[in-house]
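A.B. asks: Quick one: this structure, given as structure tokens, is what I'll be asking you about.
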Amino acid sequence: MVLKKRSGHIGVLTSGGDTPGLNAAIRGIGKTAVSEGSFQVIGFKDGFRGLMENRSVRLDNQMLSGILTLGGTILGTSRDKPHKMPMGGKYVDMTDVIVENYHKNHLDALVCLGGGGTLKNAYRLAQNGLNVITLPKTIDNDIMGTDVTFGFDTALGIAVDAIDRLHSTASSHHRIIIVEIMGHRVGWLALGAGLAGGADAILIPEIPYTIDKLAESILERVSRGKRFSIVAVAEGAINRTGANKIRAIEKKMVEAEGEELDALKKQVKQLDQEYRGSTIQMAEELQQITRLETRVTILGHLQRGGTPSALDRLLATRLGTNTIDYIRNEQFGIMVAVDGERTKAVPMEEVVGRINYVPPDHPWVISARNLDTSFGD
Ligand code: F6P
């Protein structure tokens, strides 16, 4: 690798939901850049909003010290998009202001740490001529082009710990306990935690369930003398009726354009709201059918908080430190992705807007099925 660029200004921001490991990545980027003595690193506050409002902090050695083990992000985050910035009760396209501030700060590169939404926003900025690099962070692990995202391992550990704890109380009370795990569109977390925690049923968005099949699997356990069951359910799990309705609209969307497409997108959104995230209602139905006492635990943002796991610190650190090589080589418009023990540059246009769903025949699904874990299908 011929390393070219040796000085300049690097901007860093964190956008979208926070994730354990963000500070480790900021530290990796900052310390590597600063140690060369020639790069200055500027952190923008609260995602793209901070760049738009020019709110920043110099990431010097002092700022970068003692943050490796901290959860959250020292820079703050938001879900605000450059082209749809909430301003005084409406959405305004602030891309031009962001581009202007990029230049005002004499940035040579902007590193955006984020998930799928951040990737889309960063890609738009790259199309506006900015030198942008993204790093894949999300507890959902739903980004294409990378082996894994940082934050996933920590969240997985938290969810597994919760399932372990719920086992003893479910068993003592002979109850069904449903544990809702984050993941609105994808089920990696629920699947991984369910498998590692020994859940008896796992419901994920990619495999639509029916309440009858789920109840059947639990009653079958009862007939084998198992008086409790743990159900790991992704927040975006969906029953077959909802999934079929959405699929029918998505088929129409392929051909649709303009207003028709917008109307169809709206319909999908409404169905999403109606059919996803209905864990409490599902618990009531399950209790009625099985006549077994049923309780729900929603893990929610617990999964995003606290100290990053060792694996996430490692991952975030090596992605962060390697990012400086790409900047020095003036390789922009890329996501720095995990490729085994190495990192690789993935062109943003190859992965933007694409979602890394759980394939229904993924080895984790097959292992779970071999263990008689029900997917409610
Ligand atoms: O994308 C990460 C994630 O934690 C999802 O799993 C979840 O659906 C969403 O963010 C929650 O978002 P918010 O923190 O904005 O409520």
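Please note that chains go A, B, ... in the order of the structure tokens, that every chain numbers its residues from 1, and that ligands are numbered from 1 in the order shown.
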Counting only C-alpha atoms and all ligand atoms, which residues of chain A fall within 12 Å of ligand 1, and what is the closest atom pair for each with its distance in Å at one decimal, ordered by chain and rising number, as CSV?

C.D. replies:
residue,atom,partner,partner_atom_place_in_ligand_line,distance
A:Ser15,CA,ligand 1,1 (O),10.6
A:Gly16,CA,ligand 1,1 (O),7.2
A:Gly17,CA,ligand 1,2 (C),5.2
A:Asp18,CA,ligand 1,2 (C),7.6
A:Thr19,CA,ligand 1,2 (C),7.9
A:Pro20,CA,ligand 1,4 (O),11.1
A:Gly72,CA,ligand 1,14 (O),11.7
A:Thr77,CA,ligand 1,15 (O),10.4
A:Ser78,CA,ligand 1,15 (O),8.5
A:Arg79,CA,ligand 1,15 (O),7.3
A:Asp80,CA,ligand 1,15 (O),10.8
A:Gly114,CA,ligand 1,1 (O),9.3
A:Gly115,CA,ligand 1,1 (O),7.0
A:Gly116,CA,ligand 1,1 (O),8.3
A:Gly117,CA,ligand 1,1 (O),8.9
A:Thr118,CA,ligand 1,1 (O),10.5
A:Pro136,CA,ligand 1,1 (O),11.5
A:Lys137,CA,ligand 1,1 (O),9.1
A:Thr138,CA,ligand 1,2 (C),5.7
A:Ile139,CA,ligand 1,2 (C),5.7
A:Asp140,CA,ligand 1,6 (O),5.4
A:Asn141,CA,ligand 1,1 (O),8.8
A:Asp142,CA,ligand 1,1 (O),8.7
A:Ile143,CA,ligand 1,1 (O),10.5
A:Thr149,CA,ligand 1,1 (O),11.3
A:Phe150,CA,ligand 1,2 (C),11.6
A:Gly151,CA,ligand 1,2 (C),9.5
A:Phe152,CA,ligand 1,2 (C),9.7
A:Ala155,CA,ligand 1,4 (O),9.3
A:Leu156,CA,ligand 1,6 (O),11.5
A:Glu180,CA,ligand 1,6 (O),10.9
A:Ile181,CA,ligand 1,6 (O),8.0
A:Met182,CA,ligand 1,6 (O),4.2
A:Gly183,CA,ligand 1,6 (O),4.0
A:His184,CA,ligand 1,8 (O),4.4
A:Arg185,CA,ligand 1,8 (O),7.6
A:Val186,CA,ligand 1,6 (O),8.4
A:Gly187,CA,ligand 1,6 (O),9.3
A:Trp188,CA,ligand 1,6 (O),10.0
A:Leu189,CA,ligand 1,6 (O),8.6
A:Ala190,CA,ligand 1,6 (O),10.2
A:Pro205,CA,ligand 1,8 (O),11.9
A:Ala234,CA,ligand 1,6 (O),8.9
A:Glu235,CA,ligand 1,8 (O),7.0
A:Gly236,CA,ligand 1,8 (O),7.7
A:Ala237,CA,ligand 1,8 (O),11.3
A:Arg276,CA,ligand 1,8 (O),10.8
A:Gly277,CA,ligand 1,8 (O),9.6
A:Leu299,CA,ligand 1,4 (O),10.6
A:Gly300,CA,ligand 1,4 (O),7.7
A:His301,CA,ligand 1,14 (O),6.8
A:Leu302,CA,ligand 1,4 (O),9.6
A:Gln303,CA,ligand 1,4 (O),7.7
A:Arg304,CA,ligand 1,4 (O),6.7
A:Gly305,CA,ligand 1,4 (O),10.2
A:Ile355,CA,ligand 1,1 (O),11.9

A.B. asks: Based on DSSP run over this structure's backbone, return all residues of region 109-200 of chain A in strand (DSSP E), as a list in words.

C.D. replies: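 For region 109-200 of chain A, the strand (DSSP E) set is Ala109, Leu110, Val111, Cys112, Leu113, Gly114, Val132, Ile133, Thr134, Leu135, Pro136, Ile176, Ile177, Ile178, Val179, Glu180 and Ile181 of chain A.
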
A.B. asks: Could you take the residues named above and write them with N, CA and C atoms, as a PDB file, in the first residue's frame?

C.D. replies:
ATOM      1  N   ALA A 109     -11.408  14.819   5.167  1.00  0.00           N
ATOM      2  CA  ALA A 109     -12.222  13.604   5.200  1.00  0.00           C
ATOM      3  C   ALA A 109     -13.232  13.724   6.327  1.00  0.00           C
ATOM      4  N   LEU A 110     -14.384  13.067   6.126  1.00  0.00           N
ATOM      5  CA  LEU A 110     -15.403  12.997   7.175  1.00  0.00           C
ATOM      6  C   LEU A 110     -15.689  11.525   7.429  1.00  0.00           C
ATOM      7  N   VAL A 111     -15.487  11.090   8.686  1.00  0.00           N
ATOM      8  CA  VAL A 111     -15.751   9.693   9.023  1.00  0.00           C
ATOM      9  C   VAL A 111     -17.068   9.626   9.789  1.00  0.00           C
ATOM     10  N   CYS A 112     -18.025   8.870   9.236  1.00  0.00           N
ATOM     11  CA  CYS A 112     -19.354   8.761   9.852  1.00  0.00           C
ATOM     12  C   CYS A 112     -19.513   7.363  10.425  1.00  0.00           C
ATOM     13  N   LEU A 113     -19.705   7.300  11.723  1.00  0.00           N
ATOM     14  CA  LEU A 113     -19.870   6.015  12.387  1.00  0.00           C
ATOM     15  C   LEU A 113     -21.370   5.775  12.531  1.00  0.00           C
ATOM     16  N   GLY A 114     -21.874   4.758  11.843  1.00  0.00           N
ATOM     17  CA  GLY A 114     -23.321   4.573  11.908  1.00  0.00           C
ATOM     18  C   GLY A 114     -23.802   3.311  11.231  1.00  0.00           C
ATOM     19  N   VAL A 132     -16.012  11.095   2.089  1.00  0.00           N
ATOM     20  CA  VAL A 132     -16.685  10.461   3.226  1.00  0.00           C
ATOM     21  C   VAL A 132     -16.285   8.994   3.351  1.00  0.00           C
ATOM     22  N   ILE A 133     -16.143   8.574   4.609  1.00  0.00           N
ATOM     23  CA  ILE A 133     -15.893   7.155   4.923  1.00  0.00           C
ATOM     24  C   ILE A 133     -16.883   6.782   6.023  1.00  0.00           C
ATOM     25  N   THR A 134     -17.453   5.578   5.962  1.00  0.00           N
ATOM     26  CA  THR A 134     -18.318   5.143   7.072  1.00  0.00           C
ATOM     27  C   THR A 134     -17.717   3.912   7.754  1.00  0.00           C
ATOM     28  N   LEU A 135     -18.110   3.735   8.997  1.00  0.00           N
ATOM     29  CA  LEU A 135     -17.747   2.528   9.743  1.00  0.00           C
ATOM     30  C   LEU A 135     -19.042   1.854  10.172  1.00  0.00           C
ATOM     31  N   PRO A 136     -19.136   0.518  10.051  1.00  0.00           N
ATOM     32  CA  PRO A 136     -20.411  -0.147  10.309  1.00  0.00           C
ATOM     33  C   PRO A 136     -20.659  -0.419  11.792  1.00  0.00           C
ATOM     34  N   ILE A 176     -44.760 -19.259  30.817  1.00  0.00           N
ATOM     35  CA  ILE A 176     -44.128 -18.882  29.545  1.00  0.00           C
ATOM     36  C   ILE A 176     -43.563 -17.479  29.785  1.00  0.00           C
ATOM     37  N   ILE A 177     -42.298 -17.283  29.465  1.00  0.00           N
ATOM     38  CA  ILE A 177     -41.780 -15.913  29.481  1.00  0.00           C
ATOM     39  C   ILE A 177     -41.335 -15.547  28.072  1.00  0.00           C
ATOM     40  N   ILE A 178     -41.912 -14.446  27.610  1.00  0.00           N
ATOM     41  CA  ILE A 178     -41.551 -13.950  26.278  1.00  0.00           C
ATOM     42  C   ILE A 178     -40.577 -12.806  26.472  1.00  0.00           C
ATOM     43  N   VAL A 179     -39.424 -12.902  25.850  1.00  0.00           N
ATOM     44  CA  VAL A 179     -38.444 -11.821  25.982  1.00  0.00           C
ATOM     45  C   VAL A 179     -38.284 -11.140  24.635  1.00  0.00           C
ATOM     46  N   GLU A 180     -38.615  -9.840  24.628  1.00  0.00           N
ATOM     47  CA  GLU A 180     -38.521  -9.087  23.365  1.00  0.00           C
ATOM     48  C   GLU A 180     -37.136  -8.478  23.233  1.00  0.00           C
ATOM     49  N   ILE A 181     -36.530  -8.748  22.085  1.00  0.00           N
ATOM     50  CA  ILE A 181     -35.145  -8.355  21.820  1.00  0.00           C
ATOM     51  C   ILE A 181     -35.144  -7.379  20.637  1.00  0.00           C
TER      52      ILE A 181
END

A.B. asks: So how many Å separate CA of Asp108 (chain A) and CA of Leu319 (chain A), to one decimal?

C.D. replies: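 For CA of Asp108 (chain A) relative to CA of Leu319 (chain A), the distance reads 18.9 Å.
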
A.B. asks: How close does region 212-291 of chain A get to region 365-377 of chain A? List, as JSON lines, each residue of region 212-291 of chain A within 12 Å, its nearest atom pair and the distance in Å to one decimal, counting only C-alpha atoms.

C.D. replies:
{"residue": "A:Asp212", "atom": "CA", "partner": "A:Gly376", "partner_atom": "CA", "distance": 7.8}
{"residue": "A:Lys213", "atom": "CA", "partner": "A:Gly376", "partner_atom": "CA", "distance": 5.0}
{"residue": "A:Leu214", "atom": "CA", "partner": "A:Gly376", "partner_atom": "CA", "distance": 4.3}
{"residue": "A:Ala215", "atom": "CA", "partner": "A:Gly376", "partner_atom": "CA", "distance": 8.1}
{"residue": "A:Glu216", "atom": "CA", "partner": "A:Gly376", "partner_atom": "CA", "distance": 8.6}
{"residue": "A:Ser217", "atom": "CA", "partner": "A:Ser374", "partner_atom": "CA", "distance": 6.3}
{"residue": "A:Ile218", "atom": "CA", "partner": "A:Ser374", "partner_atom": "CA", "distance": 8.6}
{"residue": "A:Leu219", "atom": "CA", "partner": "A:Ser374", "partner_atom": "CA", "distance": 11.6}
{"residue": "A:Glu220", "atom": "CA", "partner": "A:Ser374", "partner_atom": "CA", "distance": 10.7}
{"residue": "A:Arg221", "atom": "CA", "partner": "A:Asp372", "partner_atom": "CA", "distance": 10.0}
{"residue": "A:Ser229", "atom": "CA", "partner": "A:Thr373", "partner_atom": "CA", "distance": 10.7}
{"residue": "A:Ile230", "atom": "CA", "partner": "A:Thr373", "partner_atom": "CA", "distance": 10.3}
{"residue": "A:Val231", "atom": "CA", "partner": "A:Ser374", "partner_atom": "CA", "distance": 9.0}
{"residue": "A:Ala232", "atom": "CA", "partner": "A:Phe375", "partner_atom": "CA", "distance": 9.7}
{"residue": "A:Val233", "atom": "CA", "partner": "A:Phe375", "partner_atom": "CA", "distance": 9.6}
{"residue": "A:Ala234", "atom": "CA", "partner": "A:Phe375", "partner_atom": "CA", "distance": 11.4}
{"residue": "A:Ala237", "atom": "CA", "partner": "A:Phe375", "partner_atom": "CA", "distance": 10.4}
{"residue": "A:Ile238", "atom": "CA", "partner": "A:Gly376", "partner_atom": "CA", "distance": 10.4}
{"residue": "A:Asn239", "atom": "CA", "partner": "A:Gly376", "partner_atom": "CA", "distance": 8.9}
{"residue": "A:Arg240", "atom": "CA", "partner": "A:Asp377", "partner_atom": "CA", "distance": 8.5}
{"residue": "A:Leu286", "atom": "CA", "partner": "A:Gly376", "partner_atom": "CA", "distance": 11.7}

A.B. asks: Tell me, as number ranges by chain, which residues lie within 10 Å of region 327-339 of chain A, counting only C-alpha atoms; anything in the same chain fewer than 2 positions away does not count.

C.D. replies: A: 1-8, 10, 33, 108-113, 119, 122-127, 129-136, 143-150, 315-316, 318-320, 322-325, 341-352

A.B. asks: Enumerate as a PyMOL selection string all residues of region 151-259 of chain A assigned to helix (DSSP H, G or I) by DSSP on the backbone, naming them with the chain letters and numbers the document uses.

C.D. replies: chain A and resi 152-173+188-197+211-223+240-255+258-259

A.B. asks: At what distance in Å, to one decimal, does CA of Gln273 (chain A) lie from CA of Glu255 (chain A)?

C.D. replies: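 Computing the Euclidean distance for CA of Glu255 (chain A) and CA of Gln273 (chain A) yields 24.0 Å.
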
A.B. asks: For the atom pair CA of Lys31 (chain A) and CA of Val97 (chain A), what is the interatomic distance in Å to one decimal place?

C.D. replies: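 Separation between CA of Lys31 (chain A) and CA of Val97 (chain A): 28.7 Å.
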
A.B. asks: I'd like the contact shell of Asn61 (chain A) - 8 Å cut-off, only C-alpha atoms, skipping same-chain residues fewer than 4 positions apart - returned as a PDB file with C-alpha atoms, in the first residue's frame.

C.D. replies:
ATOM      1  CA  GLY A  30      -8.263   9.811  16.798  1.00  0.00           C
ATOM      2  CA  LYS A  31      -5.196   8.305  18.429  1.00  0.00           C
ATOM      3  CA  VAL A  34      -3.016  12.345  16.264  1.00  0.00           C
ATOM      4  CA  SER A  65      -8.063   9.275  26.855  1.00  0.00           C
TER       5      SER A  65
END
